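Chemist: Supplied structure: structure31.cif, mmCIF, C-alpha atoms.
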data_target
loop_
_atom_site.label_atom_id
_atom_site.label_comp_id
_atom_site.auth_asym_id
_atom_site.auth_seq_id
_atom_site.Cartn_x
_atom_site.Cartn_y
_atom_site.Cartn_z
CA MET G 270 -74.99 31.28 -165.67
CA ILE G 271 -77.92 31.69 -163.35
CA ASP G 272 -78.08 29.30 -160.45
CA LYS G 273 -80.22 30.34 -157.50
CA ARG G 274 -79.85 27.04 -155.72
CA VAL G 275 -78.04 27.12 -152.39
CA ALA G 276 -76.79 24.05 -150.60
CA THR G 277 -77.93 24.64 -147.05
CA LEU G 278 -80.69 26.32 -145.09
CA ALA G 279 -78.05 28.23 -143.12
CA GLU G 280 -76.63 29.68 -146.32
CA ALA G 281 -80.12 30.61 -147.49
CA VAL G 282 -80.75 32.94 -144.53
CA ALA G 283 -77.15 33.84 -143.64
CA ASP G 284 -77.42 37.59 -144.22
CA VAL G 285 -80.81 38.43 -142.70
CA ALA G 286 -80.07 41.52 -140.62
CA ASP G 287 -81.28 42.50 -137.18
CA GLY G 288 -84.34 44.73 -137.51
CA ALA G 289 -85.34 43.21 -140.86
CA THR G 290 -88.92 42.98 -142.05
CA VAL G 291 -89.54 39.33 -142.92
CA LEU G 292 -92.54 37.98 -144.83
CA VAL G 293 -93.34 34.40 -143.86
CA GLY G 294 -95.69 32.37 -146.07
CA GLY G 295 -98.35 30.02 -144.82
CA PHE G 296 -101.94 29.87 -143.65
CA GLY G 297 -102.43 27.89 -140.47
CA ASN G 298 -100.00 25.01 -140.90
CA SER G 299 -100.38 24.93 -144.68
CA GLY G 300 -97.45 26.21 -146.70
CA VAL G 301 -95.35 27.41 -143.76
CA PRO G 302 -91.61 27.34 -144.61
CA VAL G 303 -90.89 25.68 -141.28
CA GLU G 304 -87.26 24.73 -141.98
CA LEU G 305 -86.35 28.22 -143.24
CA VAL G 306 -87.86 29.80 -140.13
CA HIS G 307 -85.88 27.41 -137.96
CA ALA G 308 -82.75 28.33 -139.89
CA LEU G 309 -83.50 31.99 -139.20
CA LEU G 310 -83.89 31.14 -135.52
CA GLU G 311 -80.44 29.52 -135.51
CA GLN G 312 -78.97 32.39 -137.51
CA GLY G 313 -79.91 34.65 -134.62
CA ALA G 314 -81.37 37.79 -136.25
CA ARG G 315 -83.45 39.73 -133.77
CA ASP G 316 -85.68 42.77 -133.51
CA LEU G 317 -87.59 41.43 -136.50
CA THR G 318 -90.88 42.62 -137.94
CA VAL G 319 -92.67 39.48 -139.11
CA VAL G 320 -95.50 39.67 -141.65
CA THR G 321 -97.61 36.54 -141.78
CA ASN G 322 -101.25 35.50 -141.62
CA ASN G 323 -101.21 33.77 -138.24
CA ALA G 324 -98.92 34.19 -135.26
CA GLY G 325 -97.72 30.61 -135.06
CA SER G 326 -98.93 27.82 -132.84
CA GLY G 327 -97.31 25.24 -130.61
CA GLU G 328 -93.53 25.41 -130.28
CA THR G 329 -92.36 25.47 -133.89
CA ASP G 330 -91.63 28.05 -136.60
CA ILE G 331 -93.13 31.50 -135.88
CA ALA G 332 -94.14 30.52 -132.35
CA ALA G 333 -90.51 29.55 -131.68
CA LEU G 334 -89.24 32.87 -133.08
CA ILE G 335 -91.59 34.70 -130.73
CA ARG G 336 -90.68 32.49 -127.77
CA GLU G 337 -86.98 33.24 -128.35
CA ARG G 338 -87.72 36.99 -128.37
CA ARG G 339 -86.63 37.59 -131.95
CA VAL G 340 -89.86 39.33 -133.00
CA ARG G 341 -90.46 42.94 -132.05
CA ARG G 342 -93.55 43.42 -134.17
CA ILE G 343 -95.98 41.18 -136.00
CA ILE G 344 -98.23 42.26 -138.86
CA CYS G 345 -100.97 39.72 -139.44
CA SER G 346 -104.69 39.13 -139.87
CA TYR G 347 -105.43 36.39 -137.37
CA PRO G 348 -102.98 35.98 -134.49
CA ARG G 349 -105.43 34.07 -132.28
CA SER G 350 -105.34 30.40 -133.22
CA ALA G 351 -105.49 27.15 -131.33
CA GLY G 352 -102.09 26.90 -129.71
CA SER G 353 -100.94 30.50 -130.31
CA VAL G 354 -99.86 30.59 -126.66
CA TRP G 355 -96.48 32.29 -127.12
CA PHE G 356 -97.92 35.15 -129.11
CA GLU G 357 -100.76 35.63 -126.62
CA GLN G 358 -98.41 35.56 -123.65
CA PHE G 359 -96.06 38.16 -125.16
CA TRP G 360 -98.98 40.30 -126.34
CA ARG G 361 -100.55 40.37 -122.88
CA ALA G 362 -97.20 41.32 -121.39
CA GLY G 363 -96.83 44.14 -123.93
CA GLU G 364 -93.64 42.57 -125.26
CA ILE G 365 -94.70 42.27 -128.88
CA GLU G 366 -96.38 44.86 -131.09
CA LEU G 367 -99.35 43.78 -133.18
CA GLU G 368 -100.55 45.48 -136.35
CA LEU G 369 -103.83 43.82 -137.27
CA VAL G 370 -104.68 43.93 -140.99
CA PRO G 371 -107.69 42.40 -142.75
CA GLN G 372 -106.47 39.35 -144.65
CA GLY G 373 -107.22 40.61 -148.16
CA THR G 374 -105.67 43.97 -147.34
CA LEU G 375 -102.56 42.23 -145.99
CA SER G 376 -102.17 40.35 -149.25
CA GLU G 377 -102.97 43.37 -151.42
CA ARG G 378 -100.52 45.61 -149.52
CA MET G 379 -97.76 43.14 -150.35
CA ARG G 380 -98.99 42.96 -153.93
CA ALA G 381 -98.87 46.76 -154.14
CA ALA G 382 -95.30 46.73 -152.86
CA GLY G 383 -94.30 44.10 -155.42
CA ALA G 384 -96.14 45.95 -158.19
CA GLY G 385 -94.48 49.29 -157.50
CA LEU G 386 -97.69 51.02 -156.45
CA GLY G 387 -97.99 53.76 -153.86
CA GLY G 388 -101.01 52.20 -152.19
CA PHE G 389 -104.68 51.65 -152.89
CA PHE G 390 -108.19 52.46 -151.71
CA THR G 391 -110.28 49.53 -150.51
CA PRO G 392 -113.78 49.24 -149.03
CA THR G 393 -112.53 46.50 -146.72
CA GLY G 394 -112.51 47.79 -143.16
CA ALA G 395 -113.37 51.37 -144.17
CA ASP G 396 -116.13 51.54 -141.55
CA SER G 397 -114.17 49.69 -138.89
CA LEU G 398 -111.73 50.77 -136.23
CA LEU G 399 -108.95 49.30 -138.40
CA ALA G 400 -109.37 52.43 -140.53
CA ASP G 401 -108.56 54.72 -137.58
CA GLY G 402 -105.96 57.29 -138.51
CA LYS G 403 -106.13 56.47 -142.22
CA GLU G 404 -107.54 58.50 -145.07
CA VAL G 405 -111.10 57.50 -145.99
CA ARG G 406 -112.73 58.73 -149.19
CA VAL G 407 -116.05 58.10 -150.86
CA LEU G 408 -115.19 56.62 -154.25
CA ASP G 409 -117.85 55.31 -156.62
CA GLY G 410 -120.37 55.82 -153.85
CA ARG G 411 -118.52 53.68 -151.32
CA ARG G 412 -116.40 54.60 -148.37
CA GLN G 413 -112.87 53.34 -149.02
CA VAL G 414 -109.75 53.45 -146.90
CA PHE G 415 -106.27 54.19 -148.20
CA GLU G 416 -103.79 51.42 -147.51
CA ARG G 417 -100.04 51.66 -147.97
CA PRO G 418 -97.81 49.08 -149.62
CA LEU G 419 -96.02 46.57 -147.41
CA PRO G 420 -92.52 45.96 -148.75
CA ALA G 421 -90.02 43.76 -146.94
CA ASP G 422 -86.35 42.97 -146.71
CA VAL G 423 -86.82 39.21 -146.89
CA ALA G 424 -89.53 36.73 -147.86
CA LEU G 425 -89.41 33.13 -146.67
CA ILE G 426 -91.77 30.91 -148.64
CA LYS G 427 -92.41 27.27 -149.41
CA ALA G 428 -92.99 25.81 -152.86
CA ASP G 429 -93.05 22.29 -154.22
CA ARG G 430 -90.57 22.29 -157.10
CA ALA G 431 -88.06 24.71 -158.59
CA ASP G 432 -85.45 24.84 -161.32
CA ARG G 433 -82.10 26.63 -161.04
CA TRP G 434 -83.63 29.85 -162.40
CA GLY G 435 -86.00 29.90 -159.42
CA ASN G 436 -89.19 29.19 -161.35
CA LEU G 437 -91.69 27.74 -158.88
CA VAL G 438 -94.70 25.50 -158.76
CA TYR G 439 -96.62 24.92 -155.56
CA ARG G 440 -98.75 22.17 -154.06
CA THR G 441 -102.51 22.47 -153.33
CA ALA G 442 -103.47 25.20 -150.85
CA ALA G 443 -99.87 25.54 -149.63
CA ARG G 444 -99.51 28.17 -152.36
CA ASN G 445 -101.45 30.77 -150.33
CA PHE G 446 -99.32 33.91 -149.75
CA GLY G 447 -96.18 32.60 -151.51
CA PRO G 448 -96.57 34.10 -154.99
CA THR G 449 -97.45 37.55 -153.63
CA MET G 450 -94.74 37.58 -150.96
CA ALA G 451 -92.14 36.56 -153.56
CA THR G 452 -92.78 39.85 -155.38
CA ALA G 453 -92.68 42.10 -152.30
CA ALA G 454 -89.28 41.43 -150.74
CA ALA G 455 -85.78 42.58 -151.66
CA LEU G 456 -84.59 39.03 -151.01
CA THR G 457 -86.90 36.08 -151.67
CA VAL G 458 -85.79 32.75 -150.23
CA VAL G 459 -87.71 29.61 -151.10
CA GLN G 460 -87.65 26.09 -149.73
CA VAL G 461 -88.78 23.37 -152.11
CA ARG G 462 -89.31 19.64 -151.96
CA GLU G 463 -87.57 18.98 -155.23
CA PHE G 464 -85.26 20.52 -157.81
CA VAL G 465 -85.85 19.81 -161.48
CA GLU G 466 -83.69 20.42 -164.54
CA LEU G 467 -84.06 23.72 -166.35
CA GLY G 468 -86.93 23.09 -168.75
CA GLY G 469 -88.37 20.47 -166.42
CA LEU G 470 -91.26 22.68 -165.34
CA ASP G 471 -94.16 23.15 -167.76
CA PRO G 472 -93.92 26.87 -168.62
CA GLU G 473 -97.72 27.01 -168.77
CA ALA G 474 -97.84 25.82 -165.17
CA VAL G 475 -95.11 27.96 -163.58
CA VAL G 476 -96.80 30.02 -160.86
CA THR G 477 -93.91 32.20 -159.69
CA PRO G 478 -91.45 33.13 -162.45
CA GLY G 479 -87.83 33.07 -161.34
CA ILE G 480 -87.43 36.84 -161.63
CA PHE G 481 -89.11 37.11 -158.22
CA VAL G 482 -86.85 34.53 -156.57
CA ASP G 483 -83.31 34.93 -155.26
CA ARG G 484 -82.44 31.70 -153.46
CA VAL G 485 -83.87 28.20 -153.44
CA VAL G 486 -82.99 25.45 -151.02
CA GLN G 487 -84.16 21.87 -151.08
CA VAL G 488 -85.78 20.39 -147.99
CA ALA G 489 -86.59 16.71 -148.27
CA ARG G 490 -90.06 15.90 -147.06
CA MET R 134 -145.49 26.44 -128.36
CA ILE R 135 -142.36 27.95 -129.89
CA ARG R 136 -140.19 25.49 -131.75
CA PRO R 137 -136.89 27.18 -132.64
CA LEU R 138 -135.22 25.81 -135.76
CA SER R 139 -132.20 23.57 -135.27
CA PRO R 140 -128.91 24.79 -136.77
CA THR R 141 -129.33 22.20 -139.51
CA ASP R 142 -132.83 23.46 -140.29
CA VAL R 143 -131.53 27.04 -140.48
CA ALA R 144 -128.81 25.77 -142.82
CA ARG R 145 -131.48 24.06 -144.96
CA ARG R 146 -133.41 27.30 -145.16
CA VAL R 147 -130.26 29.19 -146.21
CA ALA R 148 -129.45 26.51 -148.79
CA ARG R 149 -132.85 27.00 -150.39
CA ASP R 150 -131.90 30.60 -151.21
CA ILE R 151 -128.64 29.69 -152.93
CA PRO R 152 -129.25 29.28 -156.67
CA ASP R 153 -127.83 26.42 -158.69
CA GLY R 154 -124.47 27.40 -160.19
CA SER R 155 -123.53 29.87 -157.46
CA TYR R 156 -120.00 30.62 -156.28
CA VAL R 157 -120.28 30.63 -152.50
CA ASN R 158 -118.11 31.31 -149.49
CA LEU R 159 -119.26 29.83 -146.20
CA GLY R 160 -117.89 31.53 -143.09
CA ILE R 161 -116.40 29.64 -140.18
CA GLY R 162 -118.87 28.16 -137.68
CA LEU R 163 -122.61 27.76 -138.34
CA PRO R 164 -122.41 28.66 -142.06
CA THR R 165 -120.29 25.59 -142.83
CA LEU R 166 -123.41 23.48 -142.13
CA VAL R 167 -124.93 24.77 -145.37
CA ALA R 168 -122.61 22.64 -147.54
CA ASP R 169 -123.92 19.50 -145.81
CA VAL R 170 -127.55 20.17 -146.69
CA VAL R 171 -127.48 21.59 -150.23
CA GLY R 172 -129.40 19.15 -152.39
CA PRO R 173 -127.71 17.08 -155.11
CA ASP R 174 -129.83 18.91 -157.70
CA LYS R 175 -127.61 21.98 -157.33
CA GLU R 176 -124.03 22.48 -158.47
CA ILE R 177 -122.45 24.95 -156.03
CA VAL R 178 -118.79 25.97 -156.21
CA TYR R 179 -117.38 26.61 -152.75
CA HIS R 180 -114.60 29.16 -152.33
CA SER R 181 -112.02 29.20 -149.56
CA GLU R 182 -110.04 32.34 -148.72
CA ASN R 183 -106.76 30.42 -148.72
CA GLY R 184 -106.97 29.78 -152.44
CA ILE R 185 -109.47 27.06 -153.30
CA LEU R 186 -112.47 26.97 -155.64
CA GLY R 187 -114.43 23.74 -155.88
CA MET R 188 -113.76 22.75 -152.30
CA GLY R 189 -115.24 19.39 -151.36
CA PRO R 190 -116.14 17.74 -148.06
CA ALA R 191 -113.78 16.45 -145.40
CA PRO R 192 -111.61 13.53 -146.53
CA SER R 193 -112.02 10.02 -145.15
CA PRO R 194 -109.92 9.30 -142.07
CA GLY R 195 -106.34 8.67 -143.12
CA GLU R 196 -106.78 10.57 -146.39
CA GLU R 197 -106.10 14.04 -144.91
CA ASP R 198 -103.58 16.29 -146.65
CA PRO R 199 -102.20 18.73 -144.04
CA GLU R 200 -101.79 21.43 -146.70
CA LEU R 201 -105.27 21.10 -148.20
CA ILE R 202 -107.31 22.88 -145.54
CA ASN R 203 -110.21 25.33 -145.37
CA ALA R 204 -110.44 28.75 -143.73
CA GLY R 205 -111.10 27.05 -140.38
CA LYS R 206 -107.84 25.09 -140.89
CA GLN R 207 -109.68 21.75 -141.19
CA PRO R 208 -108.75 19.19 -143.87
CA VAL R 209 -110.90 19.32 -147.00
CA THR R 210 -110.85 17.84 -150.51
CA LEU R 211 -110.89 19.26 -154.02
CA LEU R 212 -113.72 18.33 -156.37
CA PRO R 213 -113.24 17.63 -160.11
CA GLY R 214 -113.14 21.05 -161.77
CA GLY R 215 -111.64 22.65 -158.67
CA SER R 216 -108.63 24.93 -158.75
CA PHE R 217 -105.91 26.42 -156.56
CA PHE R 218 -104.76 30.04 -156.69
CA HIS R 219 -102.82 32.41 -154.50
CA HIS R 220 -104.13 34.56 -151.68
CA THR R 221 -104.30 37.82 -153.57
CA ASP R 222 -106.53 36.21 -156.20
CA ALA R 223 -108.64 34.58 -153.49
CA PHE R 224 -109.41 38.06 -152.17
CA VAL R 225 -109.84 39.52 -155.65
CA MET R 226 -112.71 37.04 -155.92
CA MET R 227 -114.13 38.26 -152.61
CA ARG R 228 -113.54 42.00 -152.67
CA GLY R 229 -114.04 42.30 -156.41
CA GLY R 230 -117.66 41.16 -156.32
CA HIS R 231 -117.13 37.82 -158.04
CA LEU R 232 -118.70 35.65 -155.36
CA ASP R 233 -122.46 35.28 -155.63
CA VAL R 234 -123.12 34.56 -151.98
CA SER R 235 -121.26 34.95 -148.73
CA VAL R 236 -122.80 33.31 -145.67
CA LEU R 237 -121.45 34.75 -142.43
CA GLY R 238 -121.97 34.34 -138.73
CA ALA R 239 -122.68 37.40 -136.59
CA PHE R 240 -122.40 38.77 -133.08
CA GLN R 241 -124.76 41.61 -134.01
CA VAL R 242 -126.62 42.98 -137.03
CA SER R 243 -128.11 46.47 -137.09
CA GLU R 244 -131.34 47.59 -138.73
CA THR R 245 -129.27 49.38 -141.39
CA GLY R 246 -127.45 46.17 -142.30
CA ASP R 247 -124.28 46.84 -140.34
CA LEU R 248 -122.45 43.68 -139.34
CA ALA R 249 -120.36 43.03 -136.23
CA ASN R 250 -118.77 39.60 -136.35
CA TRP R 251 -115.06 39.96 -135.61
CA ALA R 252 -114.57 41.48 -132.18
CA THR R 253 -116.46 41.76 -128.92
CA ASP R 254 -115.63 44.15 -126.13
CA GLU R 255 -113.45 41.54 -124.45
CA ALA R 256 -109.99 43.02 -123.94
CA ALA R 257 -108.26 39.90 -122.62
CA LEU R 258 -107.81 38.33 -126.06
CA PRO R 259 -105.70 39.75 -128.87
CA PRO R 260 -107.83 41.03 -131.75
CA ALA R 261 -108.10 38.85 -134.86
CA VAL R 262 -109.96 39.66 -138.07
CA GLY R 263 -108.91 37.20 -140.78
CA GLY R 264 -111.02 37.55 -143.93
CA ALA R 265 -114.22 38.70 -142.22
CA MET R 266 -114.10 42.29 -143.48
CA ASP R 267 -113.31 41.29 -147.06
CA LEU R 268 -116.13 38.74 -147.14
CA ALA R 269 -118.59 41.29 -145.81
CA VAL R 270 -117.90 43.97 -148.42
CA GLY R 271 -117.42 41.93 -151.54
CA ALA R 272 -120.05 39.30 -152.24
CA LYS R 273 -123.10 40.06 -154.37
CA ARG R 274 -125.33 38.82 -151.56
CA VAL R 275 -124.36 38.75 -147.90
CA LEU R 276 -126.42 36.34 -145.85
CA VAL R 277 -126.11 36.09 -142.09
CA MET R 278 -126.79 32.90 -140.19
CA THR R 279 -126.98 33.26 -136.42
CA THR R 280 -128.96 32.54 -133.30
CA HIS R 281 -131.63 35.20 -132.68
CA THR R 282 -130.21 36.03 -129.25
CA THR R 283 -126.95 35.43 -127.39
CA ARG R 284 -126.58 32.42 -125.08
CA ASP R 285 -127.67 34.57 -122.17
CA GLY R 286 -130.71 35.86 -124.04
CA ARG R 287 -129.55 39.30 -125.20
CA PRO R 288 -130.79 40.41 -128.63
CA LYS R 289 -128.39 40.30 -131.59
CA LEU R 290 -130.60 42.26 -133.99
CA LEU R 291 -130.28 45.84 -132.85
CA PRO R 292 -130.98 49.45 -133.88
CA ARG R 293 -127.20 49.92 -133.88
CA CYS R 294 -124.31 47.52 -133.27
CA THR R 295 -122.50 48.02 -129.97
CA TYR R 296 -119.54 45.78 -130.88
CA PRO R 297 -116.86 46.98 -133.34
CA LEU R 298 -118.18 46.94 -136.90
CA THR R 299 -116.98 44.53 -139.53
CA ALA R 300 -118.68 46.54 -142.29
CA ALA R 301 -121.55 49.01 -142.62
CA ALA R 302 -124.78 48.45 -144.56
CA VAL R 303 -123.80 45.13 -146.12
CA VAL R 304 -126.23 42.48 -144.86
CA ASP R 305 -129.05 41.45 -147.23
CA ARG R 306 -130.84 38.76 -145.24
CA VAL R 307 -130.63 37.22 -141.76
CA TYR R 308 -131.58 33.65 -140.88
CA THR R 309 -132.04 32.86 -137.20
CA ASP R 310 -133.51 30.00 -135.22
CA LEU R 311 -136.67 32.10 -134.93
CA ALA R 312 -137.10 33.98 -138.21
CA VAL R 313 -135.96 34.97 -141.70
CA LEU R 314 -135.55 38.74 -141.99
CA ASP R 315 -134.65 41.02 -144.90
CA LEU R 316 -132.79 44.30 -144.55
CA CYS R 317 -134.95 46.95 -146.22
CA PRO R 318 -134.97 50.75 -146.18
CA GLU R 319 -137.46 50.57 -143.28
CA GLY R 320 -135.19 48.20 -141.31
CA PHE R 321 -135.73 44.53 -140.49
CA VAL R 322 -138.68 43.06 -142.39
CA VAL R 323 -139.72 39.64 -141.10
CA ARG R 324 -140.57 37.27 -143.97
CA GLU R 325 -140.87 33.98 -142.12
CA VAL R 326 -141.08 32.83 -138.52
CA ALA R 327 -140.35 29.50 -136.83
CA PRO R 328 -143.34 27.40 -135.79
CA GLY R 329 -145.14 28.92 -132.80
CA VAL R 330 -143.39 32.29 -133.01
CA THR R 331 -145.78 35.26 -132.84
CA PRO R 332 -144.95 38.79 -134.00
CA GLU R 333 -145.16 40.00 -130.39
CA GLY R 334 -142.95 37.18 -129.16
CA LEU R 335 -140.33 37.85 -131.83
CA GLN R 336 -140.34 41.59 -131.17
CA ALA R 337 -139.79 40.89 -127.47
CA VAL R 338 -136.43 39.16 -128.15
CA THR R 339 -135.29 41.65 -130.82
CA GLY R 340 -133.57 44.95 -130.07
CA ALA R 341 -134.55 46.63 -133.35
CA ARG R 342 -138.13 47.48 -134.29
CA LEU R 343 -139.52 44.86 -136.65
CA THR R 344 -141.83 45.21 -139.62
CA PHE R 345 -143.79 42.10 -140.56
CA ALA R 346 -144.34 41.25 -144.20
CA PRO R 347 -148.01 41.11 -145.19
CA ASP R 348 -147.44 37.60 -146.52
CA LEU R 349 -145.62 36.40 -143.38
CA THR R 350 -145.30 32.61 -143.39
CA VAL R 351 -143.93 29.86 -141.20
CA VAL R 352 -140.40 28.74 -142.13
CA HIS R 353 -140.24 25.53 -144.04
CA PRO R 354 -136.63 24.40 -144.01
CA ASP R 355 -137.07 22.17 -147.08
#
Take the structure in the file and give it back as C-alpha cells.
Modeler:
Amino acid sequence: MIDKRVATLAEAVADVADGATVLVGGFGNSGVPVELVHALLEQGARDLTVVTNNAGSGETDIAALIRERRVRRIICSYPRSAGSVWFEQFWRAGEIELELVPQGTLSERMRAAGAGLGGFFTPTGADSLLADGKEVRVLDGRRQVFERPLPADVALIKADRADRWGNLVYRTAARNFGPTMATAAALTVVQVREFVELGGLDPEAVVTPGIFVDRVVQVAR
Amino acid sequence: MIRPLSPTDVARRVARDIPDGSYVNLGIGLPTLVADVVGPDKEIVYHSENGILGMGPAPSPGEEDPELINAGKQPVTLLPGGSFFHHTDAFVMMRGGHLDVSVLGAFQVSETGDLANWATDEAALPPAVGGAMDLAVGAKRVLVMTTHTTRDGRPKLLPRCTYPLTAAAVVDRVYTDLAVLDLCPEGFVVREVAPGVTPEGLQAVTGARLTFAPDLTVVHPD
C-alpha cells in the first residue's frame, strides 16, 4: 500500500542532511511552505544551499534560516525585497554566497533536472554579465547561453490538497515553483491544507502527479 | 513652452499601441499604469510571471487573497476566463514568444535597442534580476516606458548603455515624457514629441543622435 502521508512536520524533514541542496517553493509570500521551513530550522540542518525565488523577508521562513546561519549559499532570482534585511546583512558581511539566476532560467534549470536533461541553451541573459564564464553559441541567429540543470536533495513545497498517493492540487498563484521543484529533488516534501480520500481529486485537475512526491504533511490553515 | 507628458498620459499613449486581443505583460513600476487606462473597447489578457493569465485589478479592501499576487507582490484578482499555471509555463509563455507585448521600464536604452533595466553601478545593494531578462528576450514586441532623463537630468537614451545589459537589440519602441521613438537600423527615430518639444530641445537631452520622422507629430495620448 502506498501512503505518503506523515503525521508531523518534524517527521517530514527528519533526515535532511547538513550540506543539502534544498528547493523552497514560493514567490514573495505566496506559496511559501512556511511551516516546513520552520520544521527544518528546528531540525537543525546547516551548511545548506537554498534554491528559491526570493531571499525571505521579515523574521520568518527563509529569513529565519539565514538569520540562524543555516544557509551557506542561496540560488535565486530576486533576493532584494522589502524586508529582506537578514539576507542583505549577511551578503554585505560576505557570510552568504549568492548565485543570481534569471527567474525563467532558475525554473527551467530545475525543470531540466527533473526531466533528465543535461542542460539547455537560452537567449535569456546571453548578452548580460550573468553569462560570464558560460558557453555562448549563436543558434538560429540568436546568441544563447548554456545553462546546467539544477537538481536538489530536497524540495519543500506547499499545495492545497493531496491524497495518500501524493497527487496534488494547488491554490491560485501559490502554485508558482511547486510543480517544477517537485520533479527536481531526490526527496519532495509537501505541506497541504487538506487530505482527501484516494479518488477524491479530479484526475483531470491533478497538477502534480504523486510520482513526484515522497511525503505529504497536513498543516491546518 | 514644453509640457512633458504625465505618467498617465504616457501610459495612455502606450495603451493606444496595444491591439485588442493581445496577451500582455506589464513590468513593475510605470508600465503597470497601462492597465488602468486601456479602454473598455479592448479585451487584453494580462500575464503575470508567477503564473497568472487574465489578471484583473486590485481587489476591494478586505477582499485581498495573500496568495493571489502580481509580480510586484501586490494583491490582484482573476478575471473570468483567467487561469493559473506553474512558473516554468509562465516563462515558456515569455521566452517562447507567446506574449504579444511586453512593456518594461528602463534605466537606459541604446540606439541599437539594447536594454539596461536590472542593475545600476551601485555596489551597496545585492544584485536582483527577477524576470527582467526573460521578458526582454521573449515577447513579440518589447515596448519601453520611461522618463526621458534621470531625476538629475542625465540622458537615458544613449549610443551605448553604461549600466549592465538586460538584453541586446530587443527594444522596438520607447515612450518617454517627451517623445515616442522607434528603434530602426539608423538608431532612434522620433515619431512624436510632447507639446512644445522641438527637435533641437529633444536632441539636447538625449545622449544618442536622433533622426526625426518626416511626418513628426505631437503626441496625442488619446
Chemist: Using all atoms listed in the file and a cutoff of 6 Å, can you tell me which residues are near (-88.6, 29.9, -147.2) in the file's coordinates, and write them out as a list of chain:residue names?
Modeler: G:Pro302, G:Leu305, G:Leu425, G:Ile426, G:Lys427, G:Val458, G:Val459, G:Gln460
Chemist: Run through the PyMOL selection byres ((chain R) within 10 of (chain G)) on the given coordinates and return the selected residues as an MDAnalysis selection string.
Modeler: chainID R and resid 181:185 198:207 210:211 216:225 227:228 247 249 256:271 297:302
Chemist: Measuring between all atoms listed in the file, which one of R:Ile151, R:Cys317, R:Ala239, R:Val338 shows the shortest distance to Asp285 of chain R?
Modeler: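 Checking each of R:Ile151, R:Cys317, R:Ala239, R:Val338 against Asp285 of chain R, counting all atoms listed in the file, the winner is R:Val338.
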Chemist: Can you translate the PyMOL selection byres ((chain R and resi 309) around 7) into the concrete residues it hits in this file, as an mmCIF file with C-alpha atoms, in the frame of the given file?
Modeler:
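Final file, part33.cif:
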data_model
loop_
_atom_site.group_PDB
_atom_site.id
_atom_site.type_symbol
_atom_site.label_atom_id
_atom_site.label_comp_id
_atom_site.auth_asym_id
_atom_site.auth_seq_id
_atom_site.Cartn_x
_atom_site.Cartn_y
_atom_site.Cartn_z
ATOM 1 C CA VAL R 143 -131.530 27.040 -140.480
ATOM 2 C CA MET R 278 -126.790 32.900 -140.190
ATOM 3 C CA THR R 279 -126.980 33.260 -136.420
ATOM 4 C CA THR R 280 -128.960 32.540 -133.300
ATOM 5 C CA HIS R 281 -131.630 35.200 -132.680
ATOM 6 C CA VAL R 307 -130.630 37.220 -141.760
ATOM 7 C CA TYR R 308 -131.580 33.650 -140.880
ATOM 8 C CA ASP R 310 -133.510 30.000 -135.220
ATOM 9 C CA LEU R 311 -136.670 32.100 -134.930
ATOM 10 C CA ALA R 312 -137.100 33.980 -138.210
ATOM 11 C CA VAL R 313 -135.960 34.970 -141.700
#
Chemist: Which distance in Å separates atom CA of Glu328 of chain G and atom CA of Gly352 of chain G, to one decimal?
Modeler: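 Going from atom CA of Glu328 of chain G over to atom CA of Gly352 of chain G, I get 8.7 Å.
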Chemist: How many Å separate atom CA of Gly238 of chain R from atom CA of Asn250 of chain R?
Modeler: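 Atom-to-atom, atom CA of Gly238 of chain R to atom CA of Asn250 of chain R, that is 6.6 Å.
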Chemist: Selected by the PyMOL selection byres ((chain G and resi 278-284) around 8) in the shown coordinates: which residues, as a PDB file with C-alpha atoms, keeping the file's coordinate frame?
Modeler:
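Okay, this is what ended up in result14.pdb:
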ATOM      1  CA  VAL G 275     -78.040  27.120-152.390  1.00  0.00           C
ATOM      2  CA  ALA G 276     -76.790  24.050-150.600  1.00  0.00           C
ATOM      3  CA  THR G 277     -77.930  24.640-147.050  1.00  0.00           C
ATOM      4  CA  VAL G 285     -80.810  38.430-142.700  1.00  0.00           C
ATOM      5  CA  ALA G 286     -80.070  41.520-140.620  1.00  0.00           C
ATOM      6  CA  GLU G 304     -87.260  24.730-141.980  1.00  0.00           C
ATOM      7  CA  LEU G 305     -86.350  28.220-143.240  1.00  0.00           C
ATOM      8  CA  ALA G 308     -82.750  28.330-139.890  1.00  0.00           C
ATOM      9  CA  LEU G 309     -83.500  31.990-139.200  1.00  0.00           C
ATOM     10  CA  GLN G 312     -78.970  32.390-137.510  1.00  0.00           C
ATOM     11  CA  VAL G 458     -85.790  32.750-150.230  1.00  0.00           C
ATOM     12  CA  ARG G 484     -82.440  31.700-153.460  1.00  0.00           C
ATOM     13  CA  VAL G 485     -83.870  28.200-153.440  1.00  0.00           C
ATOM     14  CA  VAL G 486     -82.990  25.450-151.020  1.00  0.00           C
TER      15      VAL G 486
END
Chemist: Restricting the calculation to all atoms listed in the file: of G:Arg274, G:Arg342, G:Arg411, G:His307, which residue gets closest to Val465 of chain G?
Modeler: G:Arg274
Chemist: One decimal, in Å: what's the spacing between atom CA of Val234 of chain R and atom CA of Ala168 of chain R?
Modeler: 12.7 Å
Chemist: Which residues are near Leu291 of chain R? Cut-off 6 Å, all atoms listed in the file, ignore same chain within fewer than 5 positions. Put them as number ranges by chain.
Modeler: R: 243, 340-341
Chemist: Dump C-alpha atoms for the selected residues as a PDB file, in the frame of the given file?
Modeler:
ATOM      1  CA  SER R 243    -128.110  46.470-137.090  1.00  0.00           C
ATOM      2  CA  GLY R 340    -133.570  44.950-130.070  1.00  0.00           C
ATOM      3  CA  ALA R 341    -134.550  46.630-133.350  1.00  0.00           C
TER       4      ALA R 341
END
Chemist: In terms of the shortest atom-to-atom distance over only C-alpha atoms, which of G:Asp272, G:Asp422, G:Asp409, G:Asp401 is closest to Val320 of chain G?
Modeler: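 That would be G:Asp422, the residue with the smallest distance to Val320 of chain G.
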Chemist: Return the single residue from R:Ala327, R:Asp315, R:Leu248, R:Lys273 that is closest to Thr295 of chain R, with distances computed using all atoms listed in the file.
Modeler: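 The answer is R:Leu248, which sits nearest to Thr295 of chain R.
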Chemist: Excluding Thr318 of chain G and residues on its chain fewer than 6 positions from it, collect all residues at most 12 Å away from it, counting only C-alpha atoms, and give them as a count of residues only.
Modeler: 31
Chemist: Counting all atoms listed in the file, which residue out of R:Gly172, R:Gly246, R:Gly154, R:Pro213 sits closest to Pro318 of chain R?
Modeler: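 Among R:Gly172, R:Gly246, R:Gly154, R:Pro213, it is R:Gly246 that comes nearest to Pro318 of chain R.
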